[in-house]
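Remarks on the structure that follows.
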Amino acid sequence: MSLSLPLARYVQTLRHLTAKQWDYQLRHRLLRRRHPSTYARPELRVPTTELLEPIAKRAVLKEPLAITIFEQLVEVDDWSGAGLSDLQRYNLHYFDLCTGRSFADLYETLTLDWVANNPPLSGVGWDPFPISLRAVNWIKWHLLRGPLPEPVLESLCLQGRVLSARPEFHLLANHLLANAAALFHLGCFFSGTEAEQWKQQGRQLLDRAIDEQVLSDGGHFERSPMYHGLILEQLLDCVNVGSCFGVEIPSQWLTKLRSMLRWSSTMRHPDGAIPFFNDATFGVSPEHRELESYADRLNIERDEASAVTCSSQVLQETGFAVLKEGQFTVIADVGSPGPSYQPGHAHAGTLSFEVSVDEKRFLCNSGISTYARSQERLRQRGSSAHNCLVIDEANSSDVWSSFRVGHRACASILGFPRRSDVRLQATHDGYKEALHTRTFAISESKGLTIEDHLEPQNGAARWRTIRTPRRVAAYFHLHPSWEPSQQQDGVRCVHGDGTSVQVSCDIGSFRIVETSYHEGFGKSEIRQCLVLDWSEDSVSATVRFSCLTSGT
């Protein structure tokens, strides 16, 4: 945090923290970590059945010791991660590796090297989150590929002791759930009194986290499709390891897992992949088909509704809507940033939306390429990097630093009537000058229509009493596979396969500008954006998208 920031921003950010977060933030910052006890590790528990094959990881282990992290080859000669970003340094310690039995010798060398160069409490590898992911991965390896060397098992026990003493109550959300999943794995894997305490601690934390974090519509409360997939995988792993050691799986977990699979099935484009809302991009979380296949291997029955992906739906609790009609699929963010006490992965994208034409992505938010504290991170979280209406270049929610949010937009759905066309109306108050209402409508005859309306709020009777001049711009970011060209009656956008979409508006003309698109960490691609500048006196605008031709 920078001390030059306005005090109001700190107040708006910190006032949402829970009492437990305040307590554990102080403990986390002021109390030194205690070294774990070094008495003998517990014996290993004997499995009652084989661990089922989990979802394959994407990072690759190569000779000599090197790991691909977000497709960048990183030589493992310095576990401190010198020269890497903070996110890459964390990933270096996860052991999220796509490996088979042929890598047994190399994997053993890697684990022993980690133990030799990472004594207890040294470096980021001993932070609770990397411990959590690494512990689960090591246990999977031991049960599926071959036994871990004794020094590695001893280190794994020490890591369990550190994690048990210091779950991330100061952060909560997905970090605490990952801690809980790891403790449950460790408690199943080892035997004896200490391991039983880990298992019970993990199970209790999981019970509370699942109840709070998985909302009634099945979505994870951080409102990121990417993190939803990661959390779903972690819970499926818990079912897998519990079943392997004969531990009864709570019915609550299975009910929540079915609802999460349904949400995952609903919240995807026709190409099968996730939309880019909040912190979301490709190459991090498993794809829906992988999650579904894993659940099938675990004999988790899916809700009938999870197979129904052709109808329009509103996911009320997580604040998303999926609208489908004709060739158009629209996925819209119609909720407030959340959760209130941990919106670190939230973007200022309220009322943004993405569109597919048939199975081709057409309008897309920017995605993310970095978590580093930088202007680029702020830009990617900002409203203008999304398909949003922006007033005076401000953000609808005050995103700052890498994972902070001050003032937050409050959004609500005004109506989702069931008529001959698909229509949804939602509003938010993120701009103090005006209340923004956006209406989405799709019909076979009229195509897709986006109607934006601004209404002065906070007692302002006229725009000119607020600010002169007022600058309003609506952003429509095209997927890189589309090329726009100015026409007399609007803009024609043409896909590489020949599909053509005509875009028109009722208040003026579009500017075509270059923006960026990020399909993964460290990735950036130029694409085109249609920008509709409102005149000073405009209070509403209507933009229409019509399919002219369909590709082969």
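For the structure tokens, the naming scheme is as follows: chains receive sequential letters (A, B, ...) according to their order of presentation, residues are indexed from 1 within each chain, and ligands are indexed from 1 in presentation order.
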
Practice prompt. Identify, on the basis of only C-alpha atoms, every residue whose closest approach to Leu110 (chain A) does not exceed 9 Å; exclude the query and any residue fewer than 5 positions from it along the same chain; express the result as a PyMOL selection string.
Written response: chain A and resi 65+76+105+115

Worksheet item: Residues at most 9 Å from Thr549 (chain A), counting only C-alpha atoms, excluding those fewer than 5 positions away in the same chain, as a VMD selection string?
Response: chain A and resid 498 to 501

I'd like a table as CSV: residues in region 202-278 of chain A with an atom no more than 12 Å from region 335-338 of chain A, each row giving the shortest atom pair and its distance in Å to one decimal, only C-alpha atoms counted, sorted by chain and rising residue number.
residue,atom,partner,partner_atom,distance
A:Gln213,CA,A:Gly338,CA,10.7
A:Leu215,CA,A:Gly338,CA,11.8
A:Gly219,CA,A:Gly338,CA,11.9
A:His220,CA,A:Gly338,CA,10.0
A:Phe221,CA,A:Gly338,CA,6.6
A:Glu222,CA,A:Gly338,CA,5.6
A:Arg223,CA,A:Gly338,CA,6.8
A:Ser224,CA,A:Gly338,CA,9.7
A:Phe277,CA,A:Pro337,CA,10.8
A:Asn278,CA,A:Pro337,CA,8.8

What lies within 9 Å of Cys188 (chain A) using only C-alpha atoms, ignoring chain neighbours under 6 positions off, as a PDB file with C-alpha atoms, in the first residue's frame?
ATOM      1  CA  LEU A  44       1.457 -43.982   6.841  1.00  0.00           C
ATOM      2  CA  ARG A  45      -2.132 -45.165   6.742  1.00  0.00           C
ATOM      3  CA  PRO A  47      -5.314 -47.372   1.748  1.00  0.00           C
ATOM      4  CA  ALA A 195      -2.947 -37.181  11.786  1.00  0.00           C
ATOM      5  CA  GLU A 196      -6.453 -37.679  13.121  1.00  0.00           C
ATOM      6  CA  TRP A 198      -5.286 -32.863  11.030  1.00  0.00           C
ATOM      7  CA  LYS A 199      -8.125 -34.755   9.380  1.00  0.00           C
ATOM      8  CA  VAL A 241      -8.476 -39.329  -1.137  1.00  0.00           C
ATOM      9  CA  GLY A 242     -11.228 -39.843   1.445  1.00  0.00           C
ATOM     10  CA  CYS A 244      -9.127 -44.169  -0.980  1.00  0.00           C
ATOM     11  CA  PHE A 245      -8.717 -44.421   2.806  1.00  0.00           C
ATOM     12  CA  GLY A 246     -12.259 -45.466   3.637  1.00  0.00           C
ATOM     13  CA  VAL A 247     -13.310 -42.099   5.092  1.00  0.00           C
TER      14      VAL A 247
END

Discussion item. Can you pull out the residues contacting region 226-231 of chain A? Cut-off 8 Å, using only C-alpha atoms, and skip same-chain residues under 4 positions away; I want them as a VMD selection string.
Written reply: chain A and resid 174 177 to 178 219 to 220 222 235 260 264 274 279 to 282 284 to 288 291

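Secondary structure of region 368-436 of chain A, alpha helix (DSSP H) only (DSSP, backbone atoms): Gln375, Glu376, Arg377, Leu378, Arg379, Gln380 and Arg381 of chain A.
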
I'd like a table as CSV: residues in region 484-541 of chain A with an atom no more than 6 Å from region 477-480 of chain A, each row giving the shortest atom pair and its distance in Å to one decimal, only C-alpha atoms counted, sorted by chain and rising residue number.
residue,atom,partner,partner_atom,distance
A:Arg527,CA,A:Pro480,CA,4.6
A:Gln528,CA,A:Leu478,CA,5.6
A:Cys529,CA,A:His477,CA,4.2

Practice prompt. Skip Asn91 (chain A) itself and residues of its chain fewer than 2 positions away, then list as a ChimeraX atom specification all residues within 10 Å of it, counting only C-alpha atoms.
Written response: /A:59,67-70,81,85-89,93-96,125,130,133-134

Worksheet item: Quick one, how far is CA of Ile391 (chain A) from CA of Tyr431 (chain A)?
Response: 7.2 Å

Worksheet item: With only C-alpha atoms as the basis for distance, which of A:Glu53, A:Asp358, A:Asp77, A:Asp398 is at the shortest distance from Gly100 (chain A)?
Response: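 Among the listed residues, A:Glu53 lies closest to Gly100 (chain A).
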
Discussion item. Give me the residues near region 296-300 of chain A as a ChimeraX atom specification, where near means some atom within 8 Å (using only C-alpha atoms) and where sequence neighbours in that chain fewer than 2 positions away do not count.
Written reply: /A:52,239-240,254,258,292-294,302

Those same residues, written as a compact mmCIF listing (two decimals), in the first residue's frame with N, CA and C atoms?
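The file below, selection.txt, is the result:
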# COMPACT_ATOMS: atom_id res chain seq x y z
N LEU A 52 -8.09 -42.95 -7.42
CA LEU A 52 -8.45 -42.84 -8.83
C LEU A 52 -7.63 -41.73 -9.49
N VAL A 239 -12.77 -35.88 -2.10
CA VAL A 239 -13.61 -37.08 -2.21
C VAL A 239 -12.75 -38.28 -2.62
N ASN A 240 -11.82 -38.06 -3.53
CA ASN A 240 -10.97 -39.12 -4.02
C ASN A 240 -10.10 -39.70 -2.91
N LEU A 254 -21.17 -33.74 -1.29
CA LEU A 254 -21.64 -34.28 -2.57
C LEU A 254 -22.75 -33.42 -3.16
N ARG A 258 -22.39 -31.41 -6.77
CA ARG A 258 -23.34 -31.50 -7.89
C ARG A 258 -23.78 -30.12 -8.35
N GLU A 292 -15.99 -32.76 -15.24
CA GLU A 292 -17.11 -33.67 -15.40
C GLU A 292 -16.64 -35.13 -15.46
N SER A 293 -15.57 -35.36 -16.21
CA SER A 293 -15.03 -36.70 -16.32
C SER A 293 -14.49 -37.21 -14.99
N TYR A 294 -13.85 -36.34 -14.23
CA TYR A 294 -13.33 -36.69 -12.90
C TYR A 294 -14.48 -37.06 -11.97
N ARG A 302 -24.59 -36.51 -11.39
CA ARG A 302 -24.84 -35.12 -11.74
C ARG A 302 -26.33 -34.81 -11.75

Item to complete: Rank nothing, just name the residue among A:Arg408, A:Arg492, A:His386, A:His175 nearest to Phe510 (chain A), using only C-alpha atoms.
Response: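 When distances to Phe510 (chain A) are compared using only C-alpha atoms, the smallest one comes from A:Arg492.
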
Fill in: 10 Å contact set for Lys256 (chain A), only C-alpha atoms, chain neighbours under 4 positions out, as JSON, numbers by chain
{"A": [210, 211, 214, 215, 216, 217, 218, 219, 232, 235, 251, 252, 260, 261, 262]}

Worksheet item: Which residue gives the smallest distance to Lys140 (chain A) among A:Leu378, A:Ala165, A:Ile55, A:Leu61, with only C-alpha atoms counted?
Response: A:Ile55

Discussion item. Please compute the CA of Gln316 (chain A)-CA of Ser352 (chain A) distance, one decimal, in Å.
Written reply: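 CA of Ser352 (chain A) lies 15.9 Å from CA of Gln316 (chain A).
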
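The spacing separating CA of Pro167 (chain A) from CA of Phe184 (chain A) amounts to 12.7 Å.
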
Worksheet item: In terms of the shortest atom-to-atom distance over only C-alpha atoms, which of A:Lys324, A:Lys62, A:Arg208, A:Arg470 is closest to Asp392 (chain A)?
Response: A:Arg470
